[in-house]
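Trainee: Take a look at run.cif, mmCIF, C-alpha atoms; chains and numbers go by the auth columns:
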data_final
#
loop_
_atom_site.group_PDB
_atom_site.id
_atom_site.type_symbol
_atom_site.label_atom_id
_atom_site.label_comp_id
_atom_site.label_asym_id
_atom_site.label_seq_id
_atom_site.Cartn_x
_atom_site.Cartn_y
_atom_site.Cartn_z
_atom_site.B_iso_or_equiv
_atom_site.auth_seq_id
_atom_site.auth_asym_id
ATOM 1 C CA MET A 1 50.329 25.678 6.720 0.00 941 P
ATOM 2 C CA THR A 2 48.861 28.893 5.285 0.00 942 P
ATOM 3 C CA ASP A 3 48.856 30.777 1.977 0.00 943 P
ATOM 4 C CA GLU A 4 49.759 34.085 3.577 0.00 944 P
ATOM 5 C CA GLN A 5 52.536 36.082 1.921 0.00 945 P
ATOM 6 C CA PRO A 6 55.663 36.729 4.036 0.00 946 P
ATOM 7 C CA THR A 7 55.743 40.201 5.552 0.00 947 P
ATOM 8 C CA GLY A 8 57.193 42.774 3.145 0.00 948 P
ATOM 9 C CA THR A 9 56.710 40.609 0.031 0.00 949 P
ATOM 10 C CA PRO A 10 54.289 42.143 -2.518 0.00 950 P
ATOM 11 C CA SER A 11 51.424 39.990 -3.675 0.00 951 P
ATOM 12 C CA ARG A 12 51.135 38.753 -7.256 0.00 952 P
ATOM 13 C CA GLY A 13 48.325 41.242 -7.868 0.00 953 P
ATOM 14 C CA LYS A 14 50.477 44.140 -6.725 0.00 954 P
ATOM 15 C CA ILE A 15 53.335 42.990 -8.951 0.00 955 P
ATOM 16 C CA ILE A 16 51.011 42.908 -11.968 0.00 956 P
ATOM 17 C CA LEU A 17 49.679 46.365 -11.144 0.00 957 P
ATOM 18 C CA LEU A 18 53.177 47.765 -10.718 0.00 958 P
ATOM 19 C CA GLY A 19 54.239 46.205 -14.012 0.00 959 P
ATOM 20 C CA ALA A 20 51.236 47.646 -15.821 0.00 960 P
ATOM 21 C CA ALA A 21 51.914 51.080 -14.346 0.00 961 P
ATOM 22 C CA ALA A 22 55.527 50.925 -15.509 0.00 962 P
ATOM 23 C CA VAL A 23 54.476 49.979 -19.041 0.00 963 P
ATOM 24 C CA ALA A 24 51.924 52.793 -19.105 0.00 964 P
ATOM 25 C CA THR A 25 54.540 55.296 -17.945 0.00 965 P
ATOM 26 C CA VAL A 26 57.057 54.225 -20.582 0.00 966 P
ATOM 27 C CA THR A 27 54.361 54.383 -23.256 0.00 967 P
ATOM 28 C CA ALA A 28 53.298 57.859 -22.176 0.00 968 P
ATOM 29 C CA ILE A 29 56.889 59.095 -22.263 0.00 969 P
ATOM 30 C CA ALA A 30 57.333 57.663 -25.751 0.00 970 P
ATOM 31 C CA VAL A 31 54.126 59.228 -27.078 0.00 971 P
ATOM 32 C CA VAL A 32 54.624 62.645 -25.488 0.00 972 P
ATOM 33 C CA PHE A 33 58.403 63.065 -25.775 0.00 973 P
ATOM 34 C CA VAL A 34 60.230 60.438 -27.869 0.00 974 P
ATOM 35 C CA PHE A 35 57.934 60.178 -30.900 0.00 975 P
ATOM 36 C CA PRO A 36 57.762 63.958 -31.519 0.00 976 P
ATOM 37 C CA ALA A 37 61.499 64.455 -31.077 0.00 977 P
ATOM 38 C CA GLU A 38 62.751 61.408 -32.972 0.00 978 P
ATOM 39 C CA PHE A 39 60.113 60.838 -35.646 0.00 979 P
ATOM 40 C CA GLY A 40 57.957 63.973 -35.804 0.00 980 P
ATOM 41 C CA ILE A 41 54.926 61.935 -34.679 0.00 981 P
ATOM 42 C CA ASP A 42 52.831 64.051 -32.321 0.00 982 P
ATOM 43 C CA PRO A 43 49.428 62.496 -31.488 0.00 983 P
ATOM 44 C CA THR A 44 48.922 64.638 -28.375 0.00 984 P
ATOM 45 C CA GLY A 45 49.968 67.976 -29.873 0.00 985 P
ATOM 46 C CA LEU A 46 52.335 68.593 -26.950 0.00 986 P
ATOM 47 C CA GLY A 47 55.375 67.957 -29.106 0.00 987 P
ATOM 48 C CA GLU A 48 54.536 70.811 -31.449 0.00 988 P
ATOM 49 C CA ALA A 49 53.622 73.108 -28.565 0.00 989 P
ATOM 50 C CA SER A 50 56.917 72.411 -26.810 0.00 990 P
ATOM 51 C CA GLY A 51 59.067 72.515 -29.949 0.00 991 P
ATOM 52 C CA LEU A 52 60.009 68.838 -29.782 0.00 992 P
ATOM 53 C CA THR A 53 58.805 68.174 -33.336 0.00 993 P
ATOM 54 C CA GLU A 54 61.448 70.579 -34.614 0.00 994 P
ATOM 55 C CA ILE A 55 64.099 68.226 -33.245 0.00 995 P
ATOM 56 C CA ALA A 56 62.925 65.581 -35.713 0.00 996 P
ATOM 57 C CA ASN A 57 63.891 67.888 -38.591 0.00 997 P
ATOM 58 C CA PRO A 58 66.727 70.075 -37.284 0.00 998 P
ATOM 59 C CA GLN A 59 67.637 71.328 -40.781 0.00 999 P
ATOM 60 C CA ALA A 60 64.181 72.827 -41.430 0.00 1000 P
ATOM 61 C CA GLY A 61 65.207 76.190 -39.997 0.00 1001 P
ATOM 62 C CA GLU A 62 68.330 76.326 -42.153 0.00 1002 P
ATOM 63 C CA THR A 63 66.539 75.436 -45.388 0.00 1003 P
ATOM 64 C CA LEU A 64 63.747 77.940 -44.703 0.00 1004 P
ATOM 65 C CA GLU A 65 66.265 80.674 -43.957 0.00 1005 P
ATOM 66 C CA ARG A 66 67.932 80.045 -47.318 0.00 1006 P
ATOM 67 C CA GLY A 67 64.627 79.973 -49.165 0.00 1007 P
ATOM 68 C CA LEU A 68 63.236 83.157 -47.645 0.00 1008 P
ATOM 69 C CA LYS A 69 66.246 85.080 -48.929 0.00 1009 P
ATOM 70 C CA ARG A 70 64.956 84.501 -52.465 0.00 1010 P
ATOM 71 C CA LYS A 71 62.753 87.159 -54.008 0.00 1011 P
ATOM 72 C CA GLY A 72 59.980 86.449 -56.492 0.00 1012 P
ATOM 73 C CA VAL A 73 60.061 82.662 -56.095 0.00 1013 P
ATOM 74 C CA LEU A 74 56.786 82.004 -54.263 0.00 1014 P
ATOM 75 C CA THR A 75 53.790 84.308 -54.534 0.00 1015 P
ATOM 76 C CA ALA A 76 51.034 83.043 -52.259 0.00 1016 P
ATOM 77 C CA SER A 77 47.333 83.454 -53.019 0.00 1017 P
ATOM 78 C CA ASP A 78 44.183 82.997 -50.953 0.00 1018 P
ATOM 79 C CA THR A 79 42.466 81.213 -53.840 0.00 1019 P
ATOM 80 C CA ALA A 80 43.381 79.158 -56.903 0.00 1020 P
ATOM 81 C CA LEU A 81 44.855 81.210 -59.762 0.00 1021 P
ATOM 82 C CA ALA A 82 44.240 81.015 -63.498 0.00 1022 P
ATOM 83 C CA PRO A 83 46.234 78.237 -65.200 0.00 1023 P
ATOM 84 C CA GLU A 84 49.756 78.940 -66.431 0.00 1024 P
ATOM 85 C CA PRO A 85 50.534 78.154 -70.107 0.00 1025 P
ATOM 86 C CA GLY A 86 52.287 74.829 -70.552 0.00 1026 P
ATOM 87 C CA GLN A 87 51.538 71.387 -69.207 0.00 1027 P
ATOM 88 C CA SER A 88 48.881 70.642 -66.601 0.00 1028 P
ATOM 89 C CA ASP A 89 48.822 68.054 -63.840 0.00 1029 P
ATOM 90 C CA HIS A 90 46.196 66.673 -61.461 0.00 1030 P
ATOM 91 C CA TRP A 91 47.229 64.368 -58.606 0.00 1031 P
ATOM 92 C CA THR A 92 45.302 62.849 -55.686 0.00 1032 P
ATOM 93 C CA TYR A 93 46.668 60.836 -52.782 0.00 1033 P
ATOM 94 C CA GLU A 94 45.316 59.460 -49.495 0.00 1034 P
ATOM 95 C CA LEU A 95 47.661 59.732 -46.536 0.00 1035 P
ATOM 96 C CA GLN A 96 47.096 57.228 -43.760 0.00 1036 P
ATOM 97 C CA PRO A 97 47.710 58.279 -40.131 0.00 1037 P
ATOM 98 C CA TYR A 98 51.351 59.343 -39.679 0.00 1038 P
ATOM 99 C CA GLN A 99 52.125 58.702 -43.341 0.00 1039 P
ATOM 100 C CA GLU A 100 54.219 61.067 -45.434 0.00 1040 P
ATOM 101 C CA ILE A 101 54.558 61.653 -49.172 0.00 1041 P
ATOM 102 C CA GLU A 102 56.558 63.903 -51.482 0.00 1042 P
ATOM 103 C CA LEU A 103 55.663 65.073 -54.971 0.00 1043 P
ATOM 104 C CA LYS A 104 58.286 66.905 -56.993 0.00 1044 P
ATOM 105 C CA TYR A 105 58.419 68.589 -60.386 0.00 1045 P
ATOM 106 C CA VAL A 106 61.444 68.869 -62.618 0.00 1046 P
ATOM 107 C CA LEU A 107 61.698 72.542 -63.613 0.00 1047 P
ATOM 108 C CA ASP A 108 64.205 74.595 -65.534 0.00 1048 P
ATOM 109 C CA LYS A 109 65.517 77.839 -64.090 0.00 1049 P
ATOM 110 C CA ASP A 110 62.949 80.671 -64.253 0.00 1050 P
ATOM 111 C CA ALA A 111 60.166 78.239 -65.227 0.00 1051 P
ATOM 112 C CA PRO A 112 56.812 79.388 -63.736 0.00 1052 P
ATOM 113 C CA ILE A 113 54.054 77.137 -62.413 0.00 1053 P
ATOM 114 C CA VAL A 114 50.685 77.856 -60.822 0.00 1054 P
ATOM 115 C CA PHE A 115 49.595 75.408 -58.119 0.00 1055 P
ATOM 116 C CA SER A 116 46.685 74.711 -55.827 0.00 1056 P
ATOM 117 C CA TRP A 117 46.461 71.889 -53.324 0.00 1057 P
ATOM 118 C CA SER A 118 43.802 71.126 -50.743 0.00 1058 P
ATOM 119 C CA ALA A 119 43.130 68.368 -48.230 0.00 1059 P
ATOM 120 C CA ASP A 120 40.143 67.264 -46.168 0.00 1060 P
ATOM 121 C CA GLY A 121 42.234 67.405 -43.010 0.00 1061 P
ATOM 122 C CA PRO A 122 45.294 69.265 -41.673 0.00 1062 P
ATOM 123 C CA LEU A 123 48.730 68.321 -43.015 0.00 1063 P
ATOM 124 C CA ASN A 124 52.230 69.416 -42.114 0.00 1064 P
ATOM 125 C CA TYR A 125 53.918 70.556 -45.311 0.00 1065 P
ATOM 126 C CA ASP A 126 57.248 71.799 -46.577 0.00 1066 P
ATOM 127 C CA MET A 127 57.453 73.400 -50.027 0.00 1067 P
ATOM 128 C CA HIS A 128 61.076 73.177 -51.066 0.00 1068 P
ATOM 129 C CA ALA A 129 63.542 72.621 -53.898 0.00 1069 P
ATOM 130 C CA HIS A 130 67.119 71.669 -54.600 0.00 1070 P
ATOM 131 C CA PRO A 131 69.293 72.191 -57.693 0.00 1071 P
ATOM 132 C CA PHE A 132 70.681 69.450 -59.910 0.00 1072 P
ATOM 133 C CA GLU A 133 74.172 70.771 -59.187 0.00 1073 P
ATOM 134 C CA GLY A 134 74.795 70.450 -55.454 0.00 1074 P
ATOM 135 C CA GLY A 135 71.824 68.197 -54.707 0.00 1075 P
ATOM 136 C CA GLU A 136 69.897 68.011 -51.443 0.00 1076 P
ATOM 137 C CA ALA A 137 72.690 69.684 -49.494 0.00 1077 P
ATOM 138 C CA LEU A 138 71.528 72.949 -51.099 0.00 1078 P
ATOM 139 C CA THR A 139 67.822 72.447 -50.366 0.00 1079 P
ATOM 140 C CA GLU A 140 65.787 75.624 -49.922 0.00 1080 P
ATOM 141 C CA SER A 141 62.345 75.761 -48.288 0.00 1081 P
ATOM 142 C CA TYR A 142 59.805 78.442 -49.172 0.00 1082 P
ATOM 143 C CA ALA A 143 56.905 77.501 -46.886 0.00 1083 P
ATOM 144 C CA ILE A 144 56.889 75.234 -43.823 0.00 1084 P
ATOM 145 C CA ALA A 145 53.532 75.158 -42.058 0.00 1085 P
ATOM 146 C CA LYS A 146 50.463 73.165 -41.076 0.00 1086 P
ATOM 147 C CA GLY A 147 47.205 73.555 -42.964 0.00 1087 P
ATOM 148 C CA ASN A 148 44.716 72.045 -45.371 0.00 1088 P
ATOM 149 C CA GLN A 149 45.418 74.127 -48.480 0.00 1089 P
ATOM 150 C CA GLN A 150 47.962 76.238 -50.318 0.00 1090 P
ATOM 151 C CA HIS A 151 47.656 78.240 -53.547 0.00 1091 P
ATOM 152 C CA GLY A 152 50.044 80.398 -55.490 0.00 1092 P
ATOM 153 C CA ARG A 153 52.520 80.972 -58.297 0.00 1093 P
ATOM 154 C CA TYR A 154 56.050 79.637 -58.163 0.00 1094 P
ATOM 155 C CA VAL A 155 59.075 80.517 -60.303 0.00 1095 P
ATOM 156 C CA ALA A 156 62.058 78.147 -60.136 0.00 1096 P
ATOM 157 C CA ALA A 157 65.189 79.861 -58.840 0.00 1097 P
ATOM 158 C CA PHE A 158 67.347 77.173 -60.465 0.00 1098 P
ATOM 159 C CA SER A 159 67.094 74.061 -62.616 0.00 1099 P
ATOM 160 C CA GLY A 160 66.307 71.159 -60.330 0.00 1100 P
ATOM 161 C CA ILE A 161 63.667 69.370 -58.288 0.00 1101 P
ATOM 162 C CA HIS A 162 60.800 71.437 -56.841 0.00 1102 P
ATOM 163 C CA GLY A 163 57.763 70.393 -54.818 0.00 1103 P
ATOM 164 C CA TRP A 164 56.238 69.444 -51.492 0.00 1104 P
ATOM 165 C CA HIS A 165 56.612 67.108 -48.563 0.00 1105 P
ATOM 166 C CA TRP A 166 53.357 66.389 -46.737 0.00 1106 P
ATOM 167 C CA GLN A 167 52.898 64.500 -43.474 0.00 1107 P
ATOM 168 C CA ASN A 168 49.659 63.417 -41.835 0.00 1108 P
ATOM 169 C CA ARG A 169 50.170 63.611 -38.073 0.00 1109 P
ATOM 170 C CA GLY A 170 46.561 62.826 -37.236 0.00 1110 P
ATOM 171 C CA LEU A 171 44.675 59.623 -36.543 0.00 1111 P
ATOM 172 C CA SER A 172 42.374 59.861 -39.597 0.00 1112 P
ATOM 173 C CA THR A 173 43.073 59.331 -43.295 0.00 1113 P
ATOM 174 C CA VAL A 174 43.497 62.605 -45.202 0.00 1114 P
ATOM 175 C CA ARG A 175 42.781 62.948 -48.926 0.00 1115 P
ATOM 176 C CA LEU A 176 45.080 65.364 -50.744 0.00 1116 P
ATOM 177 C CA THR A 177 44.524 66.868 -54.211 0.00 1117 P
ATOM 178 C CA LEU A 178 47.077 68.926 -56.156 0.00 1118 P
ATOM 179 C CA VAL A 179 46.438 70.825 -59.400 0.00 1119 P
ATOM 180 C CA THR A 180 49.387 72.391 -61.223 0.00 1120 P
ATOM 181 C CA SER A 181 50.110 74.012 -64.578 0.00 1121 P
ATOM 182 C CA GLY A 182 53.104 75.613 -66.234 0.00 1122 P
ATOM 183 C CA ARG A 183 56.469 74.807 -67.725 0.00 1123 P
ATOM 184 C CA ILE A 184 56.789 71.368 -66.146 0.00 1124 P
ATOM 185 C CA VAL A 185 59.478 69.013 -67.500 0.00 1125 P
ATOM 186 C CA GLY A 186 58.682 65.948 -65.379 0.00 1126 P
ATOM 187 C CA SER A 187 57.446 64.675 -62.021 0.00 1127 P
ATOM 188 C CA LYS A 188 58.555 62.333 -59.249 0.00 1128 P
ATOM 189 C CA VAL A 189 56.925 60.781 -56.163 0.00 1129 P
ATOM 190 C CA LEU A 190 58.814 59.802 -53.021 0.00 1130 P
ATOM 191 C CA ASP A 191 56.948 57.753 -50.411 0.00 1131 P
ATOM 192 C CA GLY A 192 59.707 57.711 -47.801 0.00 1132 P
ATOM 193 C CA ARG A 193 61.297 54.553 -49.200 0.00 1133 P
ATOM 194 C CA THR A 194 61.649 54.881 -52.966 0.00 1134 P
ATOM 195 C CA GLU A 195 61.559 57.641 -55.569 0.00 1135 P
ATOM 196 C CA GLN A 196 59.604 56.973 -58.737 0.00 1136 P
ATOM 197 C CA ASP A 197 59.062 58.905 -61.938 0.00 1137 P
ATOM 198 C CA ARG A 198 55.399 59.577 -62.687 0.00 1138 P
ATOM 199 C CA GLU A 199 53.544 60.708 -65.767 0.00 1139 P
ATOM 200 C CA LEU A 200 51.702 63.997 -65.655 0.00 1140 P
ATOM 201 C CA SER A 201 47.926 63.672 -65.510 0.00 1141 P
ATOM 202 C CA PRO A 202 46.050 66.474 -67.326 0.00 1142 P
ATOM 203 C CA ASN A 203 43.550 68.359 -65.192 0.00 1143 P
ATOM 204 C CA PRO A 204 40.041 66.902 -65.434 0.00 1144 P
ATOM 205 C CA ARG A 205 37.475 69.247 -66.917 0.00 1145 P
#
Transcribe the structure of this file into structure tokens.
Mentor:
Amino acid sequence: MTDEQPTGTPSRGKIILLGAAAVATVTAIAVVFVFPAEFGIDPTGLGEASGLTEIANPQAGETLERGLKRKGVLTASDTALAPEPGQSDHWTYELQPYQEIELKYVLDKDAPIVFSWSADGPLNYDMHAHPFEGGEALTESYAIAKGNQQHGRYVAAFSGIHGWHWQNRGLSTVRLTLVTSGRIVGSKVLDGRTEQDRELSPNPR
């Protein structure tokens, strides 16, 4: 009596290796293809390069097209601008890897604000708004990009909710700071699960 395997039957070691290879393949497919397309999570960067991350937010092109038709809404600046008369706000948030956050301001039509946000790492962001009448179905985007800062002056095209969506698609925590001033009525924060009203925090001197 021997312990030899019958001819053609893989050994236990080979079965384990084949199983591990299969798991690794499935994981690689998920990371490179499924995560970017389904969730916008792109740890390798290949999803963004191939356009797969756009599949995760198919309406982004439509909202940006609507927003770019507006004139005089967003005036970008390379540096922070002088404060706008009205209320001021200072907000800081730490985004964990693959975390997202939204901060919105309630603005009346034609209300101006000056804003400046910066982060200690790159963030995907979407500056957008939607009116009270019509809701999110009429969302307009004015800037969709990846970067670590944005400055400018913004004038509300309608009474509604106006602000940013940020997403950290990296493996390190990113600290985000936003400074705003102008004719702000109120503010809200949306962490992907719930929307909460927040009090404005005057800019520190």
Trainee: Evaluate the PyMOL selection byres ((chain P and resi 1066-1071) around 6) and record the selected residues as a ChimeraX atom specification, following the chain and residue labels used in the document.
Mentor: /P:1065,1072-1073,1075-1076,1078-1084,1099-1105
Trainee: With only C-alpha atoms as the atoms that count, which of P:Asn1088, P:Val1119, P:Lys1044, P:Ala1077 lies nearest to Arg1138 of chain P?
Mentor: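 For Arg1138 of chain P, the nearest of the given residues is P:Lys1044.
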Trainee: Show me, as number ranges by chain, the residues that have an atom within 8 Å of Gly1092 of chain P when counting all atoms listed in the file, minus same-chain residues fewer than 2 positions from it.
Mentor: P: 1014-1021, 1054-1056, 1090, 1094
Trainee: Report the residues retrieved by the PyMOL selection byres ((chain P and resi 1032) around 10) from the displayed file, expressed as a ChimeraX atom specification.
Mentor: /P:1030-1031,1033-1035,1057-1059,1115-1119
Trainee: To one decimal place, how far is atom CA of Gln1036 of chain P from atom CA of Leu1111 of chain P in Å?
Mentor: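 Taking atom CA of Gln1036 of chain P and atom CA of Leu1111 of chain P, their separation equals 8.0 Å.
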Trainee: Can you spell out as an NGL selection string the set of residues that the PyMOL selection byres ((chain P and resi 1122) around 8) selects in the structure I just provided?
Mentor: :P and (1023-1028 or 1051-1054 or 1120-1121 or 1123-1124)
Trainee: Pro1062 of chain P: which residues within 8 Å, counting only C-alpha atoms, same-chain residues fewer than 4 positions away excluded, as a ChimeraX atom specification?
Mentor: /P:1086-1088,1108,1110,1114
